[in-house]
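Enquirer: Submitted below is the structure of interest, expressed as structure tokens.
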Amino acid sequence: MNDESDSAFSMQRPAPDSDRIAGHVRDIVDRIGRAALRAGRRPEAVRLVAVTKSVSVERIRQAIDAGVRLIGESRLQEAVPKIGALSGARDVRWHFIGQLQRRKVKTVVGTFEMIHSVDSVDLAAEIDRRAGEAGLQQDVLLEINAGREVTKTGFSPDGAADAVTALEAMPNLSVRGLMVIPPPGPDAEASRPYFRALRELARSLASPRLTRVRMEELSMGMSGDFEVAVEEGATLVRIGTAIFGERHG
Ligand SMILES: *Cc1c(COP(=O)(O)O)cnc(C)c1O
């Protein structure tokens, strides 16, 4: 932070919603834990990804102070300066969760611990190429278009097996599991069949013969349906609104 923004900040009163953000984080962690126990799972098996699109650095810092360690961004342009501003903050990791264009892959690789939104073999190949240039292994998840919505990207459930075969041959890619965004529904229960289908798809894709493809992560559940997702096996829940409030912009 430069001097100018520092002094501008010191003139402000403490952010009024600081306690509220911390309270929301505690409440969500608690609800995740109870949903896990209901399903006979360990609460530690589920990790919270705080989704910070349109959220300021100051408010992200408050979430970090409240214990958040994984941060999800879907807009690269917005994420890059925030990552810079928060680079001195504790041990936080960034996850990329939005649609990713090929020409932006270079920026994402290595900067984000995990890319949740690999939606084509072409995109995977570009990530593999850039990770190779950077000398690293990039963790990714395959986004599944479980609702078979034409407006949404992602692998069809039927196409996932072929994708896995293709990605297994990419040396700088480490496929860790699957991600889904169910179609909008009337309530949380409407998401359950999609979450269950994702878990079953992961089970059917897992194979000891695969070395670079593992099916240990299920990224599913957002503010409106994360408890159902945890009951159905989510290991990563992506939550924005329930932590930071409604987004403006
Ligand atoms: C914005 C976003 C979320 C968080 O949604 P909320 O309903 O605000 O919790 C989760 N996943 C993705 C991919 C998103 O873009």
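Starting from 1 in every chain, residues are counted up; chains themselves are A, B, ... following the order of the structure tokens, and ligands are numbered from 1 as listed.
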Kindly provide the residues of chain A that approach ligand 1 to within 10 Å, each paired with its closest atom pair and their distance in Å to one decimal, based on only C-alpha atoms and all ligand atoms, listed by chain and increasing number, as CSV.
Expert:
```
residue,atom,partner,partner_atom_place_in_ligand_line,distance
A:Val49,CA,ligand 1,10 (C),8.6
A:Ala50,CA,ligand 1,4 (C),7.9
A:Val51,CA,ligand 1,4 (C),5.5
A:Thr52,CA,ligand 1,1 (C),7.7
A:Lys53,CA,ligand 1,1 (C),6.6
A:Ser54,CA,ligand 1,1 (C),9.3
A:Gly72,CA,ligand 1,11 (N),7.9
A:Glu73,CA,ligand 1,15 (O),7.4
A:Ser74,CA,ligand 1,15 (O),5.5
A:Arg75,CA,ligand 1,15 (O),8.5
A:Phe96,CA,ligand 1,13 (C),8.6
A:Ile97,CA,ligand 1,13 (C),4.9
A:Gly98,CA,ligand 1,13 (C),5.3
A:Gln99,CA,ligand 1,13 (C),8.1
A:His116,CA,ligand 1,13 (C),8.1
A:Ser117,CA,ligand 1,13 (C),7.8
A:Glu143,CA,ligand 1,13 (C),9.8
A:Met179,CA,ligand 1,13 (C),9.0
A:Val180,CA,ligand 1,13 (C),8.4
A:Ile181,CA,ligand 1,13 (C),6.8
A:Ser219,CA,ligand 1,11 (N),8.9
A:Met220,CA,ligand 1,11 (N),8.1
A:Gly221,CA,ligand 1,10 (C),7.4
A:Met222,CA,ligand 1,9 (O),4.2
A:Ser223,CA,ligand 1,9 (O),3.6
A:Gly224,CA,ligand 1,7 (O),6.1
A:Asp225,CA,ligand 1,7 (O),8.5
A:Phe226,CA,ligand 1,9 (O),8.5
A:Val237,CA,ligand 1,10 (C),7.9
A:Arg238,CA,ligand 1,10 (C),4.6
A:Ile239,CA,ligand 1,9 (O),3.7
A:Gly240,CA,ligand 1,8 (O),3.6
A:Thr241,CA,ligand 1,8 (O),3.7
A:Ala242,CA,ligand 1,9 (O),6.0
A:Ile243,CA,ligand 1,9 (O),7.8
A:Phe244,CA,ligand 1,8 (O),8.2
A:Gly245,CA,ligand 1,8 (O),7.9
A:Glu246,CA,ligand 1,8 (O),7.4
A:Arg247,CA,ligand 1,8 (O),7.6
```
Enquirer: Find the residues around Arg41 (chain A) up to 12 Å (only C-alpha atoms counted), leave out those fewer than 2 positions away in its own chain, and share them as a list in words.
Expert: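 Once the nearby chain positions are removed, what remains is Ile32, Gly33, Arg34, Ala35, Ala36, Leu37, Arg38, Ala39, Pro43, Glu44, Ala45, Val46, Val230, Glu231, Glu232, Gly233, Ala234 and Thr235 of chain A.
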Enquirer: Set the distance at 12 Å and use only C-alpha atoms: which residues neighbour Ala63 (chain A) once local chain neighbours fewer than 6 positions away are removed? I'd like the list as number ranges by chain.
Expert: A: 17-26, 28, 48-52, 55-57, 69-71, 86, 89-90, 92, 239-240, 242-244
Enquirer: Write the residues of the preceding selection, restricted to N, CA, C and O atoms, as a short mmCIF file (atom, residue, chain, number, x, y, z; two decimals), in the first residue's frame.
Expert:
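Listed below is the output, selection_14.cif:
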```
data_model
loop_
_atom_site.label_atom_id
_atom_site.label_comp_id
_atom_site.auth_asym_id
_atom_site.auth_seq_id
_atom_site.Cartn_x
_atom_site.Cartn_y
_atom_site.Cartn_z
N ASP A 17 -18.58 -3.00 8.73
CA ASP A 17 -19.04 -4.37 8.55
C ASP A 17 -17.99 -5.41 8.92
O ASP A 17 -18.17 -6.58 8.65
N SER A 18 -16.92 -4.94 9.54
CA SER A 18 -15.84 -5.87 9.89
C SER A 18 -16.33 -7.01 10.79
O SER A 18 -16.06 -8.18 10.53
N ASP A 19 -17.09 -6.66 11.82
CA ASP A 19 -17.60 -7.70 12.72
C ASP A 19 -18.60 -8.60 12.02
O ASP A 19 -18.68 -9.78 12.28
N ARG A 20 -19.35 -7.96 11.10
CA ARG A 20 -20.35 -8.73 10.40
C ARG A 20 -19.69 -9.82 9.53
O ARG A 20 -20.13 -10.95 9.50
N ILE A 21 -18.62 -9.44 8.83
CA ILE A 21 -17.92 -10.42 7.99
C ILE A 21 -17.38 -11.56 8.85
O ILE A 21 -17.55 -12.73 8.54
N ALA A 22 -16.76 -11.21 9.96
CA ALA A 22 -16.22 -12.25 10.85
C ALA A 22 -17.33 -13.15 11.36
O ALA A 22 -17.19 -14.38 11.43
N GLY A 23 -18.46 -12.55 11.69
CA GLY A 23 -19.61 -13.33 12.17
C GLY A 23 -20.13 -14.27 11.11
O GLY A 23 -20.45 -15.44 11.38
N HIS A 24 -20.18 -13.79 9.88
CA HIS A 24 -20.65 -14.65 8.78
C HIS A 24 -19.69 -15.81 8.55
O HIS A 24 -20.13 -16.94 8.32
N VAL A 25 -18.40 -15.53 8.61
CA VAL A 25 -17.42 -16.61 8.40
C VAL A 25 -17.58 -17.67 9.48
O VAL A 25 -17.65 -18.87 9.19
N ARG A 26 -17.70 -17.23 10.72
CA ARG A 26 -17.87 -18.20 11.82
C ARG A 26 -19.14 -19.02 11.64
O ARG A 26 -19.15 -20.24 11.81
N ILE A 28 -20.75 -19.70 8.86
CA ILE A 28 -20.66 -20.63 7.73
C ILE A 28 -19.79 -21.82 8.07
O ILE A 28 -20.14 -22.97 7.77
N LEU A 48 -13.45 -24.15 2.93
CA LEU A 48 -14.21 -22.97 2.50
C LEU A 48 -13.38 -22.12 1.55
O LEU A 48 -12.26 -21.71 1.89
N VAL A 49 -13.93 -21.88 0.36
CA VAL A 49 -13.33 -20.92 -0.57
C VAL A 49 -14.19 -19.66 -0.52
O VAL A 49 -15.36 -19.69 -0.93
N ALA A 50 -13.65 -18.57 0.00
CA ALA A 50 -14.39 -17.32 0.06
C ALA A 50 -14.31 -16.64 -1.30
O ALA A 50 -13.22 -16.35 -1.79
N VAL A 51 -15.48 -16.42 -1.91
CA VAL A 51 -15.51 -15.86 -3.27
C VAL A 51 -15.59 -14.34 -3.18
O VAL A 51 -16.52 -13.79 -2.58
N THR A 52 -14.60 -13.66 -3.78
CA THR A 52 -14.42 -12.23 -3.52
C THR A 52 -14.60 -11.35 -4.75
O THR A 52 -14.07 -10.25 -4.78
N VAL A 55 -15.48 -7.65 -4.30
CA VAL A 55 -15.24 -7.34 -2.88
C VAL A 55 -13.88 -6.63 -2.77
O VAL A 55 -12.90 -7.05 -3.38
N SER A 56 -13.84 -5.55 -1.98
CA SER A 56 -12.61 -4.75 -1.87
C SER A 56 -11.53 -5.48 -1.08
O SER A 56 -11.81 -6.39 -0.29
N VAL A 57 -10.30 -5.04 -1.28
CA VAL A 57 -9.15 -5.62 -0.57
C VAL A 57 -9.37 -5.52 0.94
O VAL A 57 -9.07 -6.46 1.69
N ARG A 69 -8.73 -18.84 4.44
CA ARG A 69 -7.40 -19.11 3.88
C ARG A 69 -7.42 -19.37 2.38
O ARG A 69 -6.39 -19.33 1.72
N LEU A 70 -8.60 -19.70 1.84
CA LEU A 70 -8.71 -19.92 0.39
C LEU A 70 -9.63 -18.85 -0.18
O LEU A 70 -10.73 -18.63 0.34
N ILE A 71 -9.18 -18.20 -1.25
CA ILE A 71 -9.95 -17.13 -1.85
C ILE A 71 -10.21 -17.45 -3.32
O ILE A 71 -9.29 -17.81 -4.05
N LEU A 86 -2.55 -8.13 -1.40
CA LEU A 86 -2.66 -9.03 -0.24
C LEU A 86 -1.49 -10.01 -0.16
O LEU A 86 -1.53 -10.94 0.64
N ALA A 89 -0.17 -10.83 3.15
CA ALA A 89 -1.10 -11.38 4.14
C ALA A 89 -0.77 -12.84 4.39
O ALA A 89 -0.26 -13.51 3.53
N ARG A 90 -1.09 -13.30 5.55
CA ARG A 90 -0.88 -14.69 5.96
C ARG A 90 -0.81 -15.70 4.84
O ARG A 90 -0.64 -15.37 3.69
N VAL A 92 -2.48 -17.26 2.56
CA VAL A 92 -3.71 -17.42 1.78
C VAL A 92 -3.39 -17.93 0.39
O VAL A 92 -2.34 -17.62 -0.18
N ILE A 239 -18.16 -19.73 -1.57
CA ILE A 239 -19.20 -18.91 -0.96
C ILE A 239 -18.84 -17.42 -0.98
O ILE A 239 -17.80 -17.02 -0.46
N GLY A 240 -19.71 -16.65 -1.62
CA GLY A 240 -19.51 -15.20 -1.69
C GLY A 240 -20.54 -14.43 -0.88
O GLY A 240 -20.26 -13.89 0.19
N ALA A 242 -23.00 -15.04 1.10
CA ALA A 242 -23.29 -15.34 2.51
C ALA A 242 -22.18 -14.81 3.44
O ALA A 242 -22.39 -14.68 4.64
N ILE A 243 -21.01 -14.48 2.88
CA ILE A 243 -19.95 -13.88 3.69
C ILE A 243 -19.97 -12.36 3.56
O ILE A 243 -19.93 -11.64 4.56
N PHE A 244 -20.04 -11.88 2.32
CA PHE A 244 -19.81 -10.45 2.07
C PHE A 244 -21.10 -9.66 1.80
O PHE A 244 -21.06 -8.45 1.67
#
```
Enquirer: From the options A:Asn145, A:Arg214, A:Pro186, A:Ala125, which residue's atoms come nearest to Pro171 (chain A), counting only C-alpha atoms?
Expert: A:Ala125
Enquirer: Select from region 30-211 of chain A everything DSSP, run on the backbone, classes as strand (DSSP E), then give the selection as a ChimeraX atom specification.
Expert: /A:47-51,70-73,93-96,114-118,138-144,173-180
Enquirer: Report as a PyMOL selection string all protein, DNA and RNA residues lying within 9 Å of Ala206 (chain A), evaluated on only C-alpha atoms, omitting residues in the same chain fewer than 6 positions from it.
Expert: chain A and resi 213-216
Enquirer: Given the selection you just returned, output its residues as a file containing all heavy atoms, formatted as a PDB file, in the first residue's frame.
Expert:
```pdb
ATOM      1  N   VAL A 213      -4.456 -37.992 -12.880  1.00  0.00           N
ATOM      2  CA  VAL A 213      -5.865 -37.659 -12.636  1.00  0.00           C
ATOM      3  C   VAL A 213      -6.311 -38.357 -11.359  1.00  0.00           C
ATOM      4  O   VAL A 213      -6.315 -39.582 -11.271  1.00  0.00           O
ATOM      5  CB  VAL A 213      -6.763 -38.104 -13.807  1.00  0.00           C
ATOM      6  CG1 VAL A 213      -8.223 -37.812 -13.503  1.00  0.00           C
ATOM      7  CG2 VAL A 213      -6.332 -37.428 -15.115  1.00  0.00           C
ATOM      8  N   ARG A 214      -6.635 -37.542 -10.365  1.00  0.00           N
ATOM      9  CA  ARG A 214      -7.200 -38.085  -9.128  1.00  0.00           C
ATOM     10  C   ARG A 214      -8.588 -37.481  -8.958  1.00  0.00           C
ATOM     11  O   ARG A 214      -8.866 -36.408  -9.453  1.00  0.00           O
ATOM     12  CB  ARG A 214      -6.312 -37.724  -7.935  1.00  0.00           C
ATOM     13  CG  ARG A 214      -5.065 -38.601  -7.832  1.00  0.00           C
ATOM     14  CD  ARG A 214      -4.057 -38.002  -6.876  1.00  0.00           C
ATOM     15  NE  ARG A 214      -3.507 -36.766  -7.418  1.00  0.00           N
ATOM     16  CZ  ARG A 214      -2.805 -35.874  -6.727  1.00  0.00           C
ATOM     17  NH1 ARG A 214      -2.586 -36.057  -5.460  1.00  0.00           N
ATOM     18  NH2 ARG A 214      -2.345 -34.788  -7.310  1.00  0.00           N
ATOM     19  N   MET A 215      -9.437 -38.170  -8.252  1.00  0.00           N
ATOM     20  CA  MET A 215     -10.805 -37.678  -8.058  1.00  0.00           C
ATOM     21  C   MET A 215     -11.058 -37.517  -6.559  1.00  0.00           C
ATOM     22  O   MET A 215     -11.887 -38.191  -5.971  1.00  0.00           O
ATOM     23  CB  MET A 215     -11.812 -38.658  -8.691  1.00  0.00           C
ATOM     24  CG  MET A 215     -11.828 -38.591 -10.208  1.00  0.00           C
ATOM     25  SD  MET A 215     -12.563 -37.042 -10.801  1.00  0.00           S
ATOM     26  CE  MET A 215     -11.602 -36.761 -12.313  1.00  0.00           C
ATOM     27  N   GLU A 216     -10.299 -36.616  -5.952  1.00  0.00           N
ATOM     28  CA  GLU A 216     -10.411 -36.444  -4.502  1.00  0.00           C
ATOM     29  C   GLU A 216     -11.117 -35.138  -4.111  1.00  0.00           C
ATOM     30  O   GLU A 216     -11.498 -34.971  -2.967  1.00  0.00           O
ATOM     31  CB  GLU A 216      -9.016 -36.497  -3.869  1.00  0.00           C
ATOM     32  CG  GLU A 216      -8.085 -35.462  -4.451  1.00  0.00           C
ATOM     33  CD  GLU A 216      -6.614 -35.811  -4.293  1.00  0.00           C
ATOM     34  OE1 GLU A 216      -6.297 -36.971  -3.977  1.00  0.00           O
ATOM     35  OE2 GLU A 216      -5.791 -34.904  -4.500  1.00  0.00           O
TER      36      GLU A 216
END
```
Enquirer: Could you check the closest approach to Leu210 (chain A) for each of A:Asp128, A:Glu58, A:Asp27, A:Glu168 and tell me which residue wins, using only C-alpha atoms?
Expert: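 When distances to Leu210 (chain A) are compared using only C-alpha atoms, the smallest one comes from A:Glu168.
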Enquirer: Using backbone DSSP assignments, extract all helix (DSSP H, G or I) residues from region 69-228 of chain A; output them as a ChimeraX atom specification.
Expert: /A:76-85,102-108,121-134,157-168,188-205,226-228
Enquirer: Using only C-alpha atoms, which residues sit within 7 Å of Ser174 (chain A) once same-chain residues fewer than 4 positions away are excluded, as JSON, numbers by chain?
Expert: {"A": [137, 138, 139, 140, 212, 213]}
Enquirer: What is the distance, in Å and to one decimal place, between CA of Ala131 (chain A) and CA of Val109 (chain A)?
Expert: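 A separation of 6.1 Å between them.
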Enquirer: Residues near Phe155 (chain A), anyone? I mean within 8 Å using only C-alpha atoms, not counting same-chain ones fewer than 4 positions away, as a count of residues only.
Expert: 9
Enquirer: Quick one: distance from CA of Val105 (chain A) to CA of Ala134 (chain A) in Å, one decimal?
Expert: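 Interatomic distance here is 11.8 Å.
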Enquirer: Calculated over only C-alpha atoms, which of the candidates A:Val121, A:Ile64, A:Ala202, A:Leu76 has the smallest distance to Ala166 (chain A)?
Expert: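 Going through A:Val121, A:Ile64, A:Ala202, A:Leu76 one by one, the smallest distance to Ala166 (chain A) is for A:Val121.
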Enquirer: Calculated over only C-alpha atoms, which of the candidates A:Val108, A:Ser87, A:Glu133, A:Thr165 has the smallest distance to Ser207 (chain A)?
Expert: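 Counting only C-alpha atoms, the residue closest to Ser207 (chain A) is A:Thr165.
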Enquirer: Which residue gives the smallest distance to Gly132 (chain A) among A:Leu205, A:Ile60, A:Val228, A:Met170, with only C-alpha atoms counted?
Expert: A:Met170
